[in-house]
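J.: Pasting in a structure now, in structure tokens, and then I'll have a few things to ask.
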Amino acid sequence: MTTTHYPIAIIGAGLGGLTLARVLHTRGIEAAVFELEAGRHVRTQGGMLDIHDDSGQVALRAADLHDGFQKIIHPGGEGLRLLNRDATVALHQPDDGTGDRPEVDRGDLRDLLLDSLPEGTIRWNAKATGVRSLDDAPHRGRHEVTFADGTAITTDLLVGADGAWSKIRPLVSPAQPSYTGISFVELDLLDAGTRHPGAAELTGSGFMIAMDGERGFLAHLETDGTLHVYTALRAPDSWLDGIAFTDTAAAKTALLSHFADWAPAFHALITDADGPLVPRRINALPVGHRWDRVPGVTLLGDAAHLMSPFAGEGANLAMLDGAELGLAIADHPGDPEAALTAYERGLFPRSETSAAESAASLELLFGPDPIARLVGMFTSPEQQ
């Protein structure tokens, strides 16, 4: 088996891994990115992201991509509607263009990052299947990664940017994600303004939240006019296994049964959905997840601090992680251990704070009087 050596190897071409590669590139440092997908357009990236001015936008500035980011912002995307389960509006905040968390399509943002990298930076169709430390004296601190196609690489600095079920994480930590008690079923209503005007009006131009403490709907309007809906329920880990998602009609009926006492307008989000329904369990790593310094390897993004999506921090933190790691490497030429030590010194408290906020937001949304409490939050003087 032929083994190729790379000074810096990034496993995963998500937003965090790509941000790291871009920041390194702008500082004249080469890195190779290995991605299990066969190409950039193999699957739709989907979903809208609110990019925070104190994290995601900081990363984009470090990557010299903030101007490009401004061009892909979704007008109206910061609008917010909070609804009760009878479909009455508890709060409507239109997007007046002055917010600090503009919305972009995840796929557009990923394309911005991909297009900013030199040809050949990404090694597509590279699914990591194994990793090990090289303990022999000449190579101590290096790691070897093997891939599904039988190839292998060695690297001086290995970065696990490979998501929730990271193959790299076991090198530094035994932690694994666990179920939070919340399950999603995702669905789409295509060309909502024309084909589903009632659903489009219910959601508005940006983000809609409707919760009753145990279940509810989260929805946003995407840049192509698709209404992407997350039905969310507090449910046992096995609940999704009892739904036949291969039979869309049966899956809709099963899901609808949990919202019998909700307004018909919400029922239509399920019954009128286009295409298959997609189940997703919400998992998280322990709040405050950290590890002792292991030579030659570190983690970023979900591999480091997977959390629930209820504070909107995941993508933002992944990008900030990538930027901070890239800057640390550039600031410590020839001394990767100093770079990783500096990076992790900032990573751990930052991710612990955000993970705690995400866990608290989960309990708020799936606790008593969530809509009334959210209205209070969004209308408090601190939010004005």
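Identifiers for the structure tokens are assigned positionally: chains receive A, B, ... in sequence, residues are indexed from 1 per chain, and ligands are indexed from 1 in the order shown.
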Using only C-alpha atoms, find each residue in segment 36-135 of chain A having at least one atom no more than 9 Å away from segment 263-283 of chain A; report its shortest atom-to-atom pair and that distance in Å (one decimal), rows by chain then rising number, as CSV.
T.:
```
residue,atom,partner,partner_atom,distance
A:Arg85,CA,A:Ala263,CA,6.2
A:Asp86,CA,A:Ala263,CA,4.8
A:Ala87,CA,A:Ala263,CA,6.0
```
J.: Please report, as JSON lines, each residue of segment 39-116 of chain A lying at most 10 Å from segment 210-228 of chain A, together with the nearest pair of atoms and the separation in Å rounded to one decimal; use only C-alpha atoms, and order rows by chain and ascending residue number.
T.:
```
{"residue": "A:Gly46", "atom": "CA", "partner": "A:Glu222", "partner_atom": "CA", "distance": 8.5}
{"residue": "A:Gly47", "atom": "CA", "partner": "A:Glu222", "partner_atom": "CA", "distance": 7.0}
{"residue": "A:Met48", "atom": "CA", "partner": "A:Glu222", "partner_atom": "CA", "distance": 6.4}
{"residue": "A:Leu49", "atom": "CA", "partner": "A:Glu222", "partner_atom": "CA", "distance": 9.9}
{"residue": "A:Ile72", "atom": "CA", "partner": "A:Thr223", "partner_atom": "CA", "distance": 9.4}
{"residue": "A:Ile73", "atom": "CA", "partner": "A:Thr223", "partner_atom": "CA", "distance": 9.1}
{"residue": "A:His74", "atom": "CA", "partner": "A:Thr223", "partner_atom": "CA", "distance": 6.3}
{"residue": "A:Pro75", "atom": "CA", "partner": "A:Thr223", "partner_atom": "CA", "distance": 8.8}
{"residue": "A:Gly76", "atom": "CA", "partner": "A:Leu221", "partner_atom": "CA", "distance": 9.3}
{"residue": "A:Gly77", "atom": "CA", "partner": "A:Leu221", "partner_atom": "CA", "distance": 7.5}
{"residue": "A:Glu78", "atom": "CA", "partner": "A:His220", "partner_atom": "CA", "distance": 9.8}
{"residue": "A:Gly79", "atom": "CA", "partner": "A:His220", "partner_atom": "CA", "distance": 9.5}
{"residue": "A:Leu80", "atom": "CA", "partner": "A:His220", "partner_atom": "CA", "distance": 9.2}
{"residue": "A:Arg81", "atom": "CA", "partner": "A:Ala210", "partner_atom": "CA", "distance": 8.4}
{"residue": "A:Leu82", "atom": "CA", "partner": "A:Ala210", "partner_atom": "CA", "distance": 5.9}
{"residue": "A:Leu83", "atom": "CA", "partner": "A:Ala210", "partner_atom": "CA", "distance": 4.8}
{"residue": "A:Asn84", "atom": "CA", "partner": "A:Ala210", "partner_atom": "CA", "distance": 5.7}
{"residue": "A:Arg85", "atom": "CA", "partner": "A:Ala210", "partner_atom": "CA", "distance": 6.4}
{"residue": "A:Asp86", "atom": "CA", "partner": "A:Ala210", "partner_atom": "CA", "distance": 9.5}
{"residue": "A:Ala87", "atom": "CA", "partner": "A:Ala210", "partner_atom": "CA", "distance": 8.2}
{"residue": "A:Thr88", "atom": "CA", "partner": "A:Ala210", "partner_atom": "CA", "distance": 9.8}
{"residue": "A:Val89", "atom": "CA", "partner": "A:Ala210", "partner_atom": "CA", "distance": 9.4}
{"residue": "A:Ala90", "atom": "CA", "partner": "A:Ala210", "partner_atom": "CA", "distance": 9.5}
{"residue": "A:Glu103", "atom": "CA", "partner": "A:Glu222", "partner_atom": "CA", "distance": 9.3}
{"residue": "A:Val104", "atom": "CA", "partner": "A:Thr223", "partner_atom": "CA", "distance": 8.0}
{"residue": "A:Asp105", "atom": "CA", "partner": "A:Thr223", "partner_atom": "CA", "distance": 6.7}
{"residue": "A:Arg106", "atom": "CA", "partner": "A:Glu222", "partner_atom": "CA", "distance": 9.8}
{"residue": "A:Asp108", "atom": "CA", "partner": "A:Thr223", "partner_atom": "CA", "distance": 9.7}
```
J.: Give me, as a PDB file with C-alpha atoms, in the first residue's frame, all polymer residues having an atom no more than 10 Å from Val172 of chain A, counting only C-alpha atoms and skipping those fewer than 6 positions away in the same chain.
T.:
```pdb
ATOM      1  CA  ARG A 290     -12.428  18.593  26.479  1.00  0.00           C
ATOM      2  CA  TRP A 291      -9.304  16.461  26.312  1.00  0.00           C
ATOM      3  CA  ASP A 292      -5.665  16.445  27.313  1.00  0.00           C
ATOM      4  CA  ARG A 293      -3.168  17.630  24.716  1.00  0.00           C
ATOM      5  CA  VAL A 294      -2.299  14.791  22.342  1.00  0.00           C
ATOM      6  CA  PRO A 295       0.669  15.504  20.052  1.00  0.00           C
ATOM      7  CA  VAL A 297      -3.949  16.004  16.533  1.00  0.00           C
ATOM      8  CA  THR A 298      -6.948  18.149  17.419  1.00  0.00           C
ATOM      9  CA  LEU A 299     -10.665  18.539  16.652  1.00  0.00           C
ATOM     10  CA  ALA A 304     -15.162  18.693  19.245  1.00  0.00           C
TER      11      ALA A 304
END
```
J.: Have a look at atom CA of Ser116 of chain A and atom CA of Asp64 of chain A and let me know their distance in Å, one decimal.
T.: 9.4 Å
J.: Hey, could you make a per-residue contact list for segment 30-137 of chain A against segment 309-327 of chain A with 9 Å as the cut-off, showing the nearest pair of atoms and its distance in Å to one decimal, counting only C-alpha atoms, sorted by chain and number, as a tab-separated table?
T.:
```
residue	atom	partner	partner_atom	distance
A:Leu49	CA	A:Ala315	CA	7.6
A:Asp50	CA	A:Gly312	CA	7.1
A:Ile51	CA	A:Asn316	CA	6.2
A:His52	CA	A:Asn316	CA	6.7
A:Asp54	CA	A:Asn316	CA	8.9
A:Ser55	CA	A:Leu320	CA	5.6
A:Gly56	CA	A:Asn316	CA	4.3
A:Gln57	CA	A:Asn316	CA	8.0
A:Val58	CA	A:Leu320	CA	6.9
A:Ala59	CA	A:Leu320	CA	4.9
A:Leu60	CA	A:Met319	CA	7.8
A:Ala62	CA	A:Ala323	CA	6.4
A:Ala63	CA	A:Ala323	CA	7.1
```
